[in-house]
file entry_11.txt (compact mmCIF, C-alpha atoms and all ligand atoms)
# COMPACT_ATOMS: atom_id res chain seq x y z
CA MET A 273 -27.31 -7.88 11.75
CA LEU A 274 -25.26 -9.86 9.34
CA LYS A 275 -27.36 -12.05 7.07
CA PRO A 276 -26.38 -15.70 6.53
CA ASN A 277 -24.23 -16.48 3.58
CA ASP A 278 -23.84 -19.62 1.50
CA ASN A 279 -20.08 -19.43 2.08
CA LYS A 280 -19.04 -20.64 -1.32
CA PRO A 281 -15.68 -19.08 -2.01
CA ILE A 282 -15.43 -16.91 -5.11
CA ARG A 283 -11.76 -17.88 -5.10
CA SER A 284 -10.25 -21.18 -4.20
CA THR A 285 -6.74 -19.98 -5.05
CA PRO A 286 -5.03 -17.19 -3.13
CA MET A 287 -4.33 -13.84 -4.76
CA PRO A 288 -0.98 -13.68 -6.58
CA ALA A 289 1.93 -12.84 -4.30
CA LEU A 290 3.82 -9.59 -4.72
CA PRO A 291 6.42 -10.27 -7.45
CA PRO A 292 10.06 -10.55 -6.24
CA TYR A 293 11.55 -7.11 -5.65
CA TYR A 294 15.11 -7.89 -6.68
CA GLY A 295 16.65 -9.27 -9.87
CA GLU A 296 19.75 -9.16 -12.03
CA ALA A 297 20.11 -5.38 -11.98
CA GLU A 298 20.22 -5.29 -8.17
CA ARG A 299 22.61 -8.24 -8.01
CA ALA A 300 24.99 -6.64 -10.52
CA ASN A 301 24.96 -3.30 -8.68
CA VAL A 302 25.59 -4.88 -5.28
CA LEU A 303 28.57 -6.82 -6.63
CA ALA A 304 29.91 -3.68 -8.29
CA ALA A 305 29.53 -1.79 -5.01
CA LEU A 306 31.58 -4.46 -3.23
CA ASP A 307 34.21 -4.26 -5.96
CA GLN A 308 34.58 -0.55 -5.30
CA GLY A 309 36.22 -1.55 -2.04
CA ASN A 310 34.35 1.33 -0.40
CA LEU A 311 30.77 1.15 0.81
CA SER A 312 30.49 4.75 2.02
CA TYR A 313 28.08 7.12 0.32
CA LEU A 314 31.01 9.54 0.08
CA HIS A 315 32.60 7.34 -2.57
CA PRO A 316 32.93 9.63 -5.59
CA ASP A 317 30.39 8.74 -8.22
CA GLY A 318 29.10 5.87 -6.08
CA PHE A 319 25.63 4.33 -6.12
CA VAL A 320 24.16 6.53 -3.39
CA LYS A 321 25.18 9.68 -5.27
CA LYS A 322 23.70 8.24 -8.47
CA ALA A 323 20.45 7.30 -6.72
CA CYS A 324 20.23 10.86 -5.34
CA ARG A 325 20.65 12.38 -8.79
CA ARG A 326 18.17 9.90 -10.23
CA VAL A 327 15.39 10.54 -7.71
CA ALA A 328 15.80 14.31 -8.08
CA GLN A 329 15.50 13.99 -11.84
CA MET A 330 12.45 11.71 -11.53
CA VAL A 331 10.67 14.12 -9.20
CA GLY A 332 11.82 17.15 -11.19
CA VAL A 333 13.78 18.99 -8.50
CA LYS A 334 17.45 19.95 -8.11
CA HIS A 335 18.52 17.84 -5.15
CA GLY A 336 18.25 14.32 -3.77
CA ILE A 337 19.65 13.29 -0.37
CA ALA A 338 19.85 9.69 0.87
CA THR A 339 19.12 8.45 4.40
CA SER A 340 18.97 5.13 6.24
CA SER A 341 15.14 5.00 6.36
CA GLY A 342 11.98 6.91 5.55
CA THR A 343 11.66 7.89 9.20
CA ALA A 344 15.24 9.20 9.07
CA ALA A 345 14.36 11.19 5.92
CA LEU A 346 11.47 12.84 7.77
CA HIS A 347 13.62 13.56 10.83
CA VAL A 348 16.28 15.12 8.59
CA ALA A 349 13.58 17.22 6.88
CA VAL A 350 12.35 18.55 10.23
CA GLY A 351 15.92 19.20 11.37
CA ALA A 352 16.92 20.86 8.10
CA ALA A 353 13.83 23.08 8.22
CA GLY A 354 15.20 24.46 11.48
CA VAL A 355 12.02 23.80 13.45
CA GLU A 356 12.63 25.09 16.98
CA ALA A 357 12.15 23.13 20.20
CA GLY A 358 8.59 23.55 21.45
CA ALA A 359 7.27 24.61 18.02
CA GLU A 360 4.23 22.87 16.56
CA ILE A 361 4.17 20.62 13.50
CA ILE A 362 0.86 19.62 11.94
CA LEU A 363 0.36 16.02 10.77
CA PRO A 364 -2.59 13.71 10.04
CA PRO A 365 -3.61 11.08 12.65
CA ILE A 366 -3.79 8.31 10.03
CA THR A 367 -0.16 7.67 9.18
CA ASP A 368 2.88 5.58 10.01
CA MET A 369 4.48 6.30 13.39
CA GLY A 370 7.57 7.43 11.46
CA THR A 371 5.84 10.73 10.67
CA ALA A 372 5.45 11.49 14.38
CA ILE A 373 8.90 10.15 15.33
CA ALA A 374 10.49 12.81 13.12
CA ILE A 375 8.65 15.52 15.06
CA LEU A 376 9.15 14.13 18.57
CA TYR A 377 12.89 13.51 18.24
CA GLN A 378 13.42 17.08 17.13
CA ASN A 379 11.68 18.30 20.29
CA ALA A 380 8.68 19.69 18.42
CA ILE A 381 4.99 19.18 19.27
CA PRO A 382 2.84 16.97 17.00
CA VAL A 383 -0.50 18.69 16.31
CA PHE A 384 -3.06 16.42 14.69
CA ALA A 385 -5.37 17.87 12.05
CA ASP A 386 -8.35 15.90 10.77
CA VAL A 387 -8.52 14.19 7.40
CA ASP A 388 -11.05 14.17 4.59
CA PRO A 389 -13.45 11.23 5.15
CA HIS A 390 -13.07 10.06 1.54
CA SER A 391 -9.41 10.65 0.63
CA TYR A 392 -8.20 9.96 4.22
CA ASN A 393 -5.71 12.83 3.74
CA LEU A 394 -5.25 16.23 5.39
CA THR A 395 -7.32 19.04 3.86
CA PRO A 396 -6.37 22.72 3.50
CA GLU A 397 -9.32 23.55 5.77
CA SER A 398 -8.29 21.20 8.58
CA VAL A 399 -4.67 22.38 8.37
CA LEU A 400 -5.77 26.01 8.44
CA ALA A 401 -7.85 25.32 11.54
CA ALA A 402 -4.84 23.73 13.28
CA ILE A 403 -2.33 26.49 12.49
CA THR A 404 -1.26 28.72 15.39
CA ASP A 405 1.48 31.31 15.75
CA ARG A 406 3.66 28.41 16.96
CA THR A 407 3.25 26.29 13.79
CA GLN A 408 6.57 25.96 11.96
CA ALA A 409 5.94 22.99 9.67
CA VAL A 410 3.23 20.79 8.16
CA ILE A 411 3.89 17.16 7.24
CA ALA A 412 1.39 16.18 4.55
CA VAL A 413 1.07 12.43 4.04
CA HIS A 414 -0.05 11.00 0.70
CA LEU A 415 -1.83 8.02 2.26
CA ALA A 416 -1.74 4.83 0.20
CA GLY A 417 -0.26 6.80 -2.72
CA ASN A 418 -3.26 9.11 -3.02
CA PRO A 419 -1.98 12.67 -3.54
CA CYS A 420 -2.97 15.06 -0.77
CA ALA A 421 -3.88 18.66 -1.76
CA VAL A 422 -0.23 19.72 -1.50
CA ASP A 423 -0.65 22.40 -4.16
CA GLN A 424 -3.06 24.32 -1.94
CA LEU A 425 -1.11 23.44 1.20
CA ARG A 426 2.04 24.93 -0.33
CA ASP A 427 0.31 28.29 -0.93
CA LEU A 428 -1.15 28.22 2.54
CA CYS A 429 2.27 27.48 4.09
CA ASP A 430 4.20 29.98 1.95
CA ALA A 431 1.83 32.75 3.01
CA ARG A 432 2.69 32.04 6.66
CA ASN A 433 6.38 31.18 6.44
CA ILE A 434 5.67 27.54 7.34
CA THR A 435 7.73 24.67 5.90
CA LEU A 436 5.72 22.09 3.97
CA ILE A 437 7.19 18.60 4.19
CA GLU A 438 5.65 15.91 1.99
CA ASP A 439 5.61 12.39 3.45
CA ALA A 440 5.58 10.47 0.18
CA ALA A 441 6.70 7.19 1.78
CA GLN A 442 3.59 5.45 0.39
CA ALA A 443 3.42 7.47 -2.81
CA TRP A 444 6.20 6.45 -5.18
CA GLY A 445 5.13 7.46 -8.71
CA ALA A 446 2.06 9.43 -7.59
CA LYS A 447 1.32 12.77 -9.30
CA LEU A 448 -0.85 15.83 -8.94
CA HIS A 449 -1.64 17.93 -12.06
CA GLY A 450 0.90 15.68 -13.83
CA LYS A 451 3.68 16.70 -11.41
CA PRO A 452 5.30 14.08 -9.17
CA VAL A 453 4.50 14.30 -5.46
CA GLY A 454 7.55 15.32 -3.47
CA SER A 455 8.01 18.36 -5.71
CA PHE A 456 5.20 20.43 -4.13
CA GLY A 457 6.57 20.82 -0.62
CA HIS A 458 9.76 22.57 0.40
CA ILE A 459 11.03 19.06 1.11
CA GLY A 460 9.70 15.64 0.07
CA CYS A 461 10.50 12.31 1.76
CA PHE A 462 10.34 8.77 0.36
CA SER A 463 10.82 5.39 2.03
CA LEU A 464 12.58 2.32 0.63
CA ASN A 465 11.62 -0.10 3.40
CA GLN A 466 10.88 -3.69 2.44
CA PHE A 467 7.14 -3.12 2.10
CA LYS A 468 6.97 0.02 -0.05
CA HIS A 469 6.49 0.17 -3.86
CA ILE A 470 10.27 -0.16 -4.23
CA SER A 471 12.81 -1.17 -1.61
CA CYS A 472 16.46 -1.53 -0.67
CA GLY A 473 15.63 -3.33 2.57
CA ASP A 474 15.64 -0.04 4.41
CA GLY A 475 16.41 3.42 3.13
CA GLY A 476 15.04 6.87 2.53
CA LEU A 477 15.35 9.54 -0.13
CA ILE A 478 14.76 13.26 0.32
CA VAL A 479 14.03 15.63 -2.55
CA THR A 480 14.13 19.42 -2.59
CA ASP A 481 14.49 22.25 -5.06
CA ASP A 482 15.99 24.55 -2.45
CA ASP A 483 19.83 24.77 -2.43
CA HIS A 484 19.98 25.91 1.17
CA LEU A 485 17.63 23.19 2.46
CA ALA A 486 19.52 20.58 0.43
CA ALA A 487 22.83 21.55 2.05
CA ARG A 488 21.17 21.45 5.46
CA CYS A 489 19.67 18.01 4.71
CA ARG A 490 23.10 16.70 3.72
CA ASN A 491 24.61 18.05 6.94
CA PHE A 492 21.72 16.91 9.10
CA SER A 493 21.87 13.33 7.83
CA ASP A 494 25.57 13.02 8.65
CA LYS A 495 26.38 14.47 12.10
CA PHE A 496 26.40 17.99 10.66
CA TYR A 497 29.87 17.30 9.31
CA ASP A 498 30.89 19.66 6.54
CA ARG A 499 31.16 17.09 3.77
CA ASP A 500 30.72 19.80 1.11
CA ASN A 501 33.72 21.74 2.46
CA THR A 502 31.90 24.99 2.99
CA GLY A 503 33.94 25.76 6.07
CA VAL A 504 30.98 25.44 8.48
CA ARG A 505 31.65 22.78 11.09
CA LEU A 506 29.53 21.25 13.82
CA THR A 507 27.22 24.15 14.41
CA GLU A 508 24.20 21.92 15.11
CA LEU A 509 23.35 18.58 16.70
CA ALA A 510 22.47 15.99 14.05
CA PRO A 511 22.25 12.19 13.85
CA ASN A 512 24.07 9.76 11.57
CA TYR A 513 21.45 8.54 9.10
CA ARG A 514 23.85 7.66 6.27
CA MET A 515 22.82 5.25 3.54
CA THR A 516 25.51 2.72 2.56
CA GLU A 517 26.57 1.85 -0.98
CA LEU A 518 24.92 -1.57 -0.61
CA GLN A 519 21.55 0.10 -0.05
CA GLY A 520 22.34 2.66 -2.75
CA ALA A 521 23.22 -0.07 -5.25
CA VAL A 522 19.82 -1.70 -4.77
CA ALA A 523 17.96 1.64 -4.57
CA LEU A 524 19.41 2.87 -7.87
CA ALA A 525 18.23 -0.25 -9.71
CA GLN A 526 14.82 -0.10 -8.01
CA LEU A 527 14.17 3.48 -9.15
CA ASP A 528 13.91 2.13 -12.71
CA ASN A 529 10.77 0.22 -11.68
CA VAL A 530 8.76 3.06 -10.16
CA ASN A 531 6.80 4.14 -13.22
CA ALA A 532 5.74 0.67 -14.34
CA ILE A 533 4.70 -0.31 -10.80
CA ALA A 534 2.78 2.93 -10.26
CA GLU A 535 0.99 2.72 -13.61
CA ARG A 536 -0.15 -0.84 -13.07
CA ARG A 537 -1.36 -0.13 -9.54
CA GLN A 538 -3.18 2.98 -10.69
CA MET A 539 -4.94 1.04 -13.46
CA LEU A 540 -6.00 -1.78 -11.10
CA GLY A 541 -7.12 0.69 -8.42
CA GLN A 542 -9.23 2.66 -10.87
CA LEU A 543 -10.78 -0.57 -12.13
CA LEU A 544 -11.70 -1.64 -8.61
CA THR A 545 -13.21 1.76 -7.83
CA GLN A 546 -15.31 1.57 -11.02
CA GLN A 547 -16.64 -1.82 -9.94
CA LEU A 548 -17.32 -0.89 -6.33
CA GLN A 549 -18.70 2.62 -6.67
CA GLU A 550 -22.28 1.66 -7.47
CA LEU A 551 -22.61 -0.80 -4.58
CA PRO A 552 -25.00 0.32 -1.85
CA GLY A 553 -23.30 1.00 1.47
CA VAL A 554 -19.83 1.03 -0.11
CA ILE A 555 -17.82 4.28 -0.11
CA VAL A 556 -14.88 4.17 -2.52
CA PRO A 557 -11.66 6.11 -1.91
CA ASP A 558 -11.73 9.59 -3.41
CA VAL A 559 -8.92 10.37 -5.84
CA GLN A 560 -9.01 13.92 -7.22
CA PRO A 561 -9.56 14.09 -11.02
CA SER A 562 -6.18 15.84 -11.38
CA ALA A 563 -4.41 13.21 -9.27
CA PHE A 564 -2.61 10.00 -10.20
CA CYS A 565 -2.84 7.59 -7.24
CA SER A 566 -0.19 4.86 -7.11
CA PHE A 567 -2.23 2.72 -4.67
CA TRP A 568 0.23 1.37 -2.13
CA PHE A 569 -2.88 -0.40 -0.88
CA TYR A 570 -6.59 -0.05 -1.62
CA MET A 571 -8.88 1.09 1.20
CA PHE A 572 -12.62 1.64 0.92
CA ARG A 573 -15.26 2.31 3.57
CA ILE A 574 -18.65 0.88 4.34
CA ASN A 575 -21.72 2.56 5.73
CA PRO A 576 -22.55 0.27 8.69
CA GLN A 577 -26.07 1.76 9.11
CA GLU A 578 -27.00 1.21 5.48
CA LEU A 579 -25.60 -2.32 5.51
CA ASP A 580 -26.84 -3.05 9.02
CA CYS A 581 -23.62 -4.75 10.10
CA ARG A 582 -20.27 -4.03 11.69
CA CYS A 583 -17.12 -3.50 9.67
CA GLU A 584 -15.52 -6.53 11.41
CA ASP A 585 -18.37 -8.79 10.23
CA MET A 586 -18.09 -7.51 6.71
CA VAL A 587 -14.35 -8.25 6.73
CA GLU A 588 -14.98 -11.77 8.00
CA ARG A 589 -17.63 -12.43 5.37
CA ILE A 590 -15.41 -11.21 2.52
CA ASN A 591 -12.55 -13.36 3.86
CA GLU A 592 -14.88 -16.40 3.84
CA LEU A 593 -15.27 -15.91 0.12
CA GLY A 594 -11.52 -16.36 -0.32
CA ILE A 595 -10.56 -12.68 -0.59
CA LEU A 596 -8.21 -11.56 2.18
CA VAL A 597 -9.07 -8.09 3.50
CA HIS A 598 -8.42 -6.29 6.79
CA LYS A 599 -10.24 -3.74 8.87
CA GLY A 600 -8.65 -0.29 8.78
CA TYR A 601 -5.05 0.65 8.12
CA ILE A 602 -3.79 1.31 11.64
CA PRO A 603 -5.93 0.14 14.58
CA ARG A 604 -6.66 3.68 15.84
CA PRO A 605 -5.62 7.27 15.13
CA LEU A 606 -2.04 7.85 16.32
CA TYR A 607 -3.10 10.22 19.12
CA CYS A 608 -5.14 7.37 20.69
CA GLU A 609 -2.02 5.27 21.23
CA PRO A 610 -0.78 5.06 24.84
CA LEU A 611 2.41 6.85 23.85
CA PHE A 612 0.41 10.02 23.12
CA GLN A 613 -2.30 9.52 25.71
CA ASN A 614 0.37 9.24 28.45
CA LYS A 615 2.87 11.58 26.78
CA ARG A 616 5.66 9.24 27.84
CA PHE A 617 7.84 10.11 24.88
CA PHE A 618 10.97 10.01 27.01
CA PRO A 619 11.90 8.05 30.13
CA GLY A 620 11.03 9.77 33.36
CA GLY A 621 7.81 11.20 32.00
CA VAL A 622 9.35 14.57 31.19
CA TRP A 623 8.52 15.85 27.71
CA PRO A 624 11.11 18.53 26.94
CA ALA A 625 9.14 19.97 24.00
CA GLU A 626 6.20 20.72 26.25
CA LEU A 627 8.42 22.24 28.95
CA VAL A 628 10.06 24.54 26.44
CA SER A 629 6.74 25.55 24.89
CA GLY A 630 5.38 26.59 28.28
CA ARG A 631 2.00 25.04 27.45
CA GLN A 632 0.23 21.82 28.18
CA TYR A 633 -0.78 19.48 25.39
CA ASP A 634 -3.42 16.86 26.21
CA TYR A 635 -3.88 14.16 23.59
CA THR A 636 -6.79 12.65 25.54
CA GLU A 637 -8.72 15.72 24.39
CA VAL A 638 -7.80 15.42 20.73
CA HIS A 639 -10.64 14.14 18.56
CA CYS A 640 -10.43 13.99 14.80
CA ALA A 641 -13.96 12.86 14.02
CA ALA A 642 -13.38 12.00 10.37
CA ALA A 643 -10.17 10.06 11.07
CA GLU A 644 -11.92 8.04 13.77
CA GLN A 645 -14.87 7.34 11.49
CA VAL A 646 -12.57 6.35 8.63
CA LEU A 647 -10.67 3.80 10.74
CA ASP A 648 -13.92 2.40 12.18
CA THR A 649 -15.43 1.78 8.77
CA ALA A 650 -12.46 1.12 6.49
CA ILE A 651 -11.61 -2.13 4.76
CA LYS A 652 -8.12 -2.45 3.30
CA LEU A 653 -6.95 -4.92 0.74
CA PRO A 654 -3.68 -5.58 -1.02
CA LEU A 655 -3.42 -4.26 -4.56
CA HIS A 656 -0.18 -4.65 -6.48
CA GLN A 657 1.48 -5.04 -9.83
CA GLY A 658 1.43 -8.86 -9.61
CA MET A 659 -2.36 -8.88 -9.79
CA THR A 660 -4.49 -9.08 -12.93
CA GLU A 661 -7.76 -7.50 -13.97
CA SER A 662 -9.44 -10.84 -13.31
CA ASP A 663 -8.13 -10.77 -9.72
CA VAL A 664 -9.70 -7.34 -9.33
CA ASN A 665 -12.96 -8.67 -10.78
CA ASP A 666 -12.94 -11.44 -8.15
CA ILE A 667 -12.42 -8.91 -5.37
CA ALA A 668 -15.28 -6.77 -6.64
CA GLN A 669 -17.52 -9.81 -7.02
CA ALA A 670 -16.86 -10.97 -3.47
CA ILE A 671 -17.55 -7.53 -2.00
CA GLY A 672 -20.63 -7.15 -4.22
CA HIS A 673 -21.96 -10.51 -3.11
CA VAL A 674 -21.61 -9.71 0.59
CA VAL A 675 -23.16 -6.28 0.14
CA ARG A 676 -26.13 -7.58 -1.85
CA THR A 677 -26.75 -10.32 0.70
CA GLN A 678 -27.04 -7.52 3.25
CA THR A 679 -29.39 -5.48 1.11
CA PRO A 680 -31.83 -8.02 -0.38
CA ALA A 681 -33.97 -5.31 -1.92
CA LEU A 682 -31.20 -4.88 -4.43
CA GLY A 683 -31.15 -8.60 -5.26
CA SER A 684 -28.81 -11.18 -3.82
CA THR A 685 -28.38 -13.56 -6.71
CA ARG A 686 -24.94 -15.06 -6.97
CA PRO A 687 -23.18 -13.97 -10.13
C1 LIG A 701 6.73 3.67 5.76
C2 LIG A 701 6.35 5.01 6.19
C3 LIG A 701 7.21 5.87 6.90
C4 LIG A 701 8.51 5.43 7.48
O1 LIG A 701 9.36 4.81 6.60
P1 LIG A 701 10.45 3.77 7.14
O2 LIG A 701 11.35 3.60 5.96
O3 LIG A 701 9.74 2.53 7.52
O4 LIG A 701 11.16 4.40 8.29
C5 LIG A 701 6.79 7.16 7.16
N1 LIG A 701 5.61 7.61 6.77
C6 LIG A 701 4.73 6.83 6.10
C7 LIG A 701 3.43 7.40 5.69
C8 LIG A 701 5.07 5.50 5.81
O5 LIG A 701 4.20 4.72 5.18
call {"tool": "encode", "arguments": {"input": "entry_11.txt", "output": "structure tokens"}}
result
Amino acid sequence: MLKPNDNKPIRSTPMPALPPYYGEAERANVLAALDQGNLSYLHPDGFVKKACRRVAQMVGVKHGIATSSGTAALHVAVGAAGVEAGAEIILPPITDMGTAIAILYQNAIPVFADVDPHSYNLTPESVLAAITDRTQAVIAVHLAGNPCAVDQLRDLCDARNITLIEDAAQAWGAKLHGKPVGSFGHIGCFSLNQFKHISCGDGGLIVTDDDHLAARCRNFSDKFYDRDNTGVRLTELAPNYRMTELQGAVALAQLDNVNAIAERRQMLGQLLTQQLQELPGVIVPDVQPSAFCSFWFYMFRINPQELDCRCEDMVERINELGILVHKGYIPRPLYCEPLFQNKRFFPGGVWPAELVSGRQYDYTEVHCAAAEQVLDTAIKLPLHQGMTESDVNDIAQAIGHVVRTQTPALGSTRP
């Protein structure tokens, strides 16, 4: 049961808004792009080509390839990897639908592996348990900018001739062992949609160190036309996911902001974890000691038994104190959505991937216990570079107050 509360807000003013994404640098680049008289990414030495070189250099790999969205980047990665129709691709159930779209549109089968209950990411153990002789790729998501164990996943995949694709859409600036995420997999994918760390409205960037995969990504993002003049023409079906120079102009300027944004978010996230970790019934997100988390958002969990209340009530009580938080990240694991439960991926109810595979896949029988528990007990709050340490202190105070009211033995005095 939720104990009564005196309802006095800790904050009477809202949290600072996310600072404006775009400034003079973006404006100047967009105008220069227009002055080129050519907004195609094929423009020699244009903004898209520069952004591709820049992101590759930032991540520390040889190649960058631009796409129209993060979802498109992931689809191109799956296509470039040459995953066959009916093959299986492992992904976590707590992610953006874009991760699954990339798999489904390439006629592969999404296979959900469970996450770690504290990092909310895939683990080498859960991936290993999900691998079959039909697995051709793993898409590892760095949820909320928290690096997944992609170092171990890479070894595991290499030993089995499986392609590791990193979904770093939420992980701009994140690192593992000091190395940027995106550089561990065979291919890494970033998103530039309006809500990510950096944005060009919509856009995606792919990184890879592999010359062959890079050429395939370039072909696969542009109708499989032979833009590099290698003499190979239209040997495969591929979409048009080109990024325009207008997006590239903004993206190039935005890449300059990644490190500052990531550092500030990491500092604020660490501060919040320090303040929350001693609270009874509160389970802070687990960031590996060798990892740099760029906190796209901050998500912690509660122990409903210990606090004797539901997650929804806790959220409401924290909101009453003037701190806006939400339950969970997505409402339920992806496989629980009607799309998966009914397998109506295509009109007519025929799922070509399943037909080709010659097996039946039943998502009503999929249960990732940790993922379900995480989403049932998780509280998510915005954390961004526009916030100050004092904002983080207010958040921690509000959560601490609600928690202590629930556990009077630990003292419920208002700070
Ligand atoms: C945002 C996001 C995507 C998709 O990116 P879009 O640019 O919106 O298509 C894919 N995966 C994850 C984990 C994301 O957060």
call {"tool": "atom_distance", "arguments": {"input": "entry_11.txt", "atom1": "atom CA of Val327 of chain A", "atom2": "atom CA of Gly450 of chain A"}}
result
16.5 Å
call {"tool": "axis_aligned_box", "arguments": {"input": "entry_11.txt", "around": "ligand LIG 701 (chain A)", "padding_each_side": "8 Å", "output": "lines of an AutoDock Vina configuration file"}}
result
center_x = 7.4
center_y = 5.1
center_z = 6.7
size_x = 23.9
size_y = 21.1
size_z = 19.1
call {"tool": "residues_around", "arguments": {"input": "entry_11.txt", "residues": "Ile403 of chain A", "least_positions_apart": "6", "cutoff": "10 Å", "atoms": "only C-alpha atoms", "output": "list in words"}}
result
Glu360, Ile361, Ile362, Val383, Ala385, Ala409, Val410, Cys429, Arg432 and Ile434 of chain A
call {"tool": "residues_near_ligand", "arguments": {"input": "entry_11.txt", "ligand": "ligand LIG 701 (chain A)", "cutoff": "7 Å", "atoms": "all atoms listed in the file", "output": "PyMOL selection string"}}
result
chain A and resi 341-344+367-371+413+415+439-442+463-465+468+474-476
call {"tool": "closest_atom_pairs", "arguments": {"input": "entry_11.txt", "of": "segment 277-341 of chain A", "to": "segment 526-542 of chain A", "cutoff": "8 Å", "atoms": "only C-alpha atoms", "output": "Markdown table"}}
result
| residue | atom | partner | partner_atom | distance |
| --- | --- | --- | --- | --- |
| A:Tyr294 | CA | A:Gln526 | CA | 7.9 |
| A:Glu298 | CA | A:Gln526 | CA | 7.5 |
| A:Ala323 | CA | A:Leu527 | CA | 7.7 |
| A:Arg326 | CA | A:Leu527 | CA | 7.6 |
| A:Val327 | CA | A:Leu527 | CA | 7.3 |
call {"tool": "closest_residue", "arguments": {"input": "entry_11.txt", "among": "A:Gly553, A:Gly351, A:Gly445, A:Gly318", "to": "Asn491 of chain A", "atoms": "only C-alpha atoms"}}
result
A:Gly351
call {"tool": "closest_residue", "arguments": {"input": "entry_11.txt", "among": "A:Leu428, A:Val387, A:Ala668, A:Leu306", "to": "Gln546 of chain A", "atoms": "only C-alpha atoms"}}
result
A:Ala668
call {"tool": "closest_residue", "arguments": {"input": "entry_11.txt", "among": "A:Leu611, A:Ala374, A:Ala670, A:Ala300", "to": "His347 of chain A", "atoms": "all atoms listed in the file"}}
result
A:Ala374
call {"tool": "residues_near_point", "arguments": {"input": "entry_11.txt", "point": "(-3.8, 8.7, 3.4)", "cutoff": "8 Å", "atoms": "only C-alpha atoms", "output": "number ranges by chain"}}
result
A: 366-367, 391-394, 413-418, 420
call {"tool": "closest_residue", "arguments": {"input": "entry_11.txt", "among": "A:Phe496, A:Phe456, A:Phe384, A:Tyr570", "to": "Leu543 of chain A", "atoms": "all atoms listed in the file"}}
result
A:Tyr570
call {"tool": "closest_residue", "arguments": {"input": "entry_11.txt", "among": "A:Thr507, A:Gln560, A:Asn501, A:Asn512", "to": "Ala446 of chain A", "atoms": "only C-alpha atoms"}}
result
A:Gln560
call {"tool": "decode", "arguments": {"input": "entry_11.txt", "residues": "segment 620-633 of chain A", "atoms": "N, CA and C atoms", "output": "PDB file, in the first residue's frame"}}
result
ATOM      1  N   GLY A 620      -2.546 -10.050 -45.493  1.00  0.00           N
ATOM      2  CA  GLY A 620      -2.907 -11.399 -45.932  1.00  0.00           C
ATOM      3  C   GLY A 620      -2.499 -12.464 -44.944  1.00  0.00           C
ATOM      4  N   GLY A 621      -1.760 -12.043 -43.915  1.00  0.00           N
ATOM      5  CA  GLY A 621      -1.408 -12.988 -42.856  1.00  0.00           C
ATOM      6  C   GLY A 621      -0.355 -14.007 -43.243  1.00  0.00           C
ATOM      7  N   VAL A 622       0.268 -13.824 -44.408  1.00  0.00           N
ATOM      8  CA  VAL A 622       1.343 -14.742 -44.792  1.00  0.00           C
ATOM      9  C   VAL A 622       2.671 -14.103 -44.393  1.00  0.00           C
ATOM     10  N   TRP A 623       3.484 -14.859 -43.676  1.00  0.00           N
ATOM     11  CA  TRP A 623       4.799 -14.347 -43.274  1.00  0.00           C
ATOM     12  C   TRP A 623       5.861 -15.105 -44.071  1.00  0.00           C
ATOM     13  N   PRO A 624       6.350 -14.483 -45.148  1.00  0.00           N
ATOM     14  CA  PRO A 624       7.265 -15.200 -46.045  1.00  0.00           C
ATOM     15  C   PRO A 624       8.462 -15.809 -45.323  1.00  0.00           C
ATOM     16  N   ALA A 625       9.027 -15.087 -44.356  1.00  0.00           N
ATOM     17  CA  ALA A 625      10.221 -15.585 -43.660  1.00  0.00           C
ATOM     18  C   ALA A 625       9.952 -16.951 -43.033  1.00  0.00           C
ATOM     19  N   GLU A 626       8.781 -17.072 -42.429  1.00  0.00           N
ATOM     20  CA  GLU A 626       8.431 -18.318 -41.757  1.00  0.00           C
ATOM     21  C   GLU A 626       8.214 -19.437 -42.778  1.00  0.00           C
ATOM     22  N   LEU A 627       7.568 -19.100 -43.885  1.00  0.00           N
ATOM     23  CA  LEU A 627       7.347 -20.086 -44.959  1.00  0.00           C
ATOM     24  C   LEU A 627       8.672 -20.642 -45.453  1.00  0.00           C
ATOM     25  N   VAL A 628       9.604 -19.719 -45.717  1.00  0.00           N
ATOM     26  CA  VAL A 628      10.909 -20.114 -46.250  1.00  0.00           C
ATOM     27  C   VAL A 628      11.663 -20.979 -45.240  1.00  0.00           C
ATOM     28  N   SER A 629      11.538 -20.598 -43.961  1.00  0.00           N
ATOM     29  CA  SER A 629      12.314 -21.309 -42.934  1.00  0.00           C
ATOM     30  C   SER A 629      11.799 -22.733 -42.730  1.00  0.00           C
ATOM     31  N   GLY A 630      10.535 -22.954 -43.084  1.00  0.00           N
ATOM     32  CA  GLY A 630       9.952 -24.283 -42.904  1.00  0.00           C
ATOM     33  C   GLY A 630       9.654 -24.613 -41.449  1.00  0.00           C
ATOM     34  N   ARG A 631       9.685 -23.585 -40.576  1.00  0.00           N
ATOM     35  CA  ARG A 631       9.336 -23.815 -39.174  1.00  0.00           C
ATOM     36  C   ARG A 631       8.275 -22.829 -38.749  1.00  0.00           C
ATOM     37  N   GLN A 632       7.716 -23.099 -37.586  1.00  0.00           N
ATOM     38  CA  GLN A 632       6.703 -22.216 -37.026  1.00  0.00           C
ATOM     39  C   GLN A 632       7.322 -21.425 -35.880  1.00  0.00           C
ATOM     40  N   TYR A 633       7.076 -20.149 -35.856  1.00  0.00           N
ATOM     41  CA  TYR A 633       7.546 -19.325 -34.742  1.00  0.00           C
ATOM     42  C   TYR A 633       6.320 -18.773 -34.031  1.00  0.00           C
TER      43      TYR A 633
END
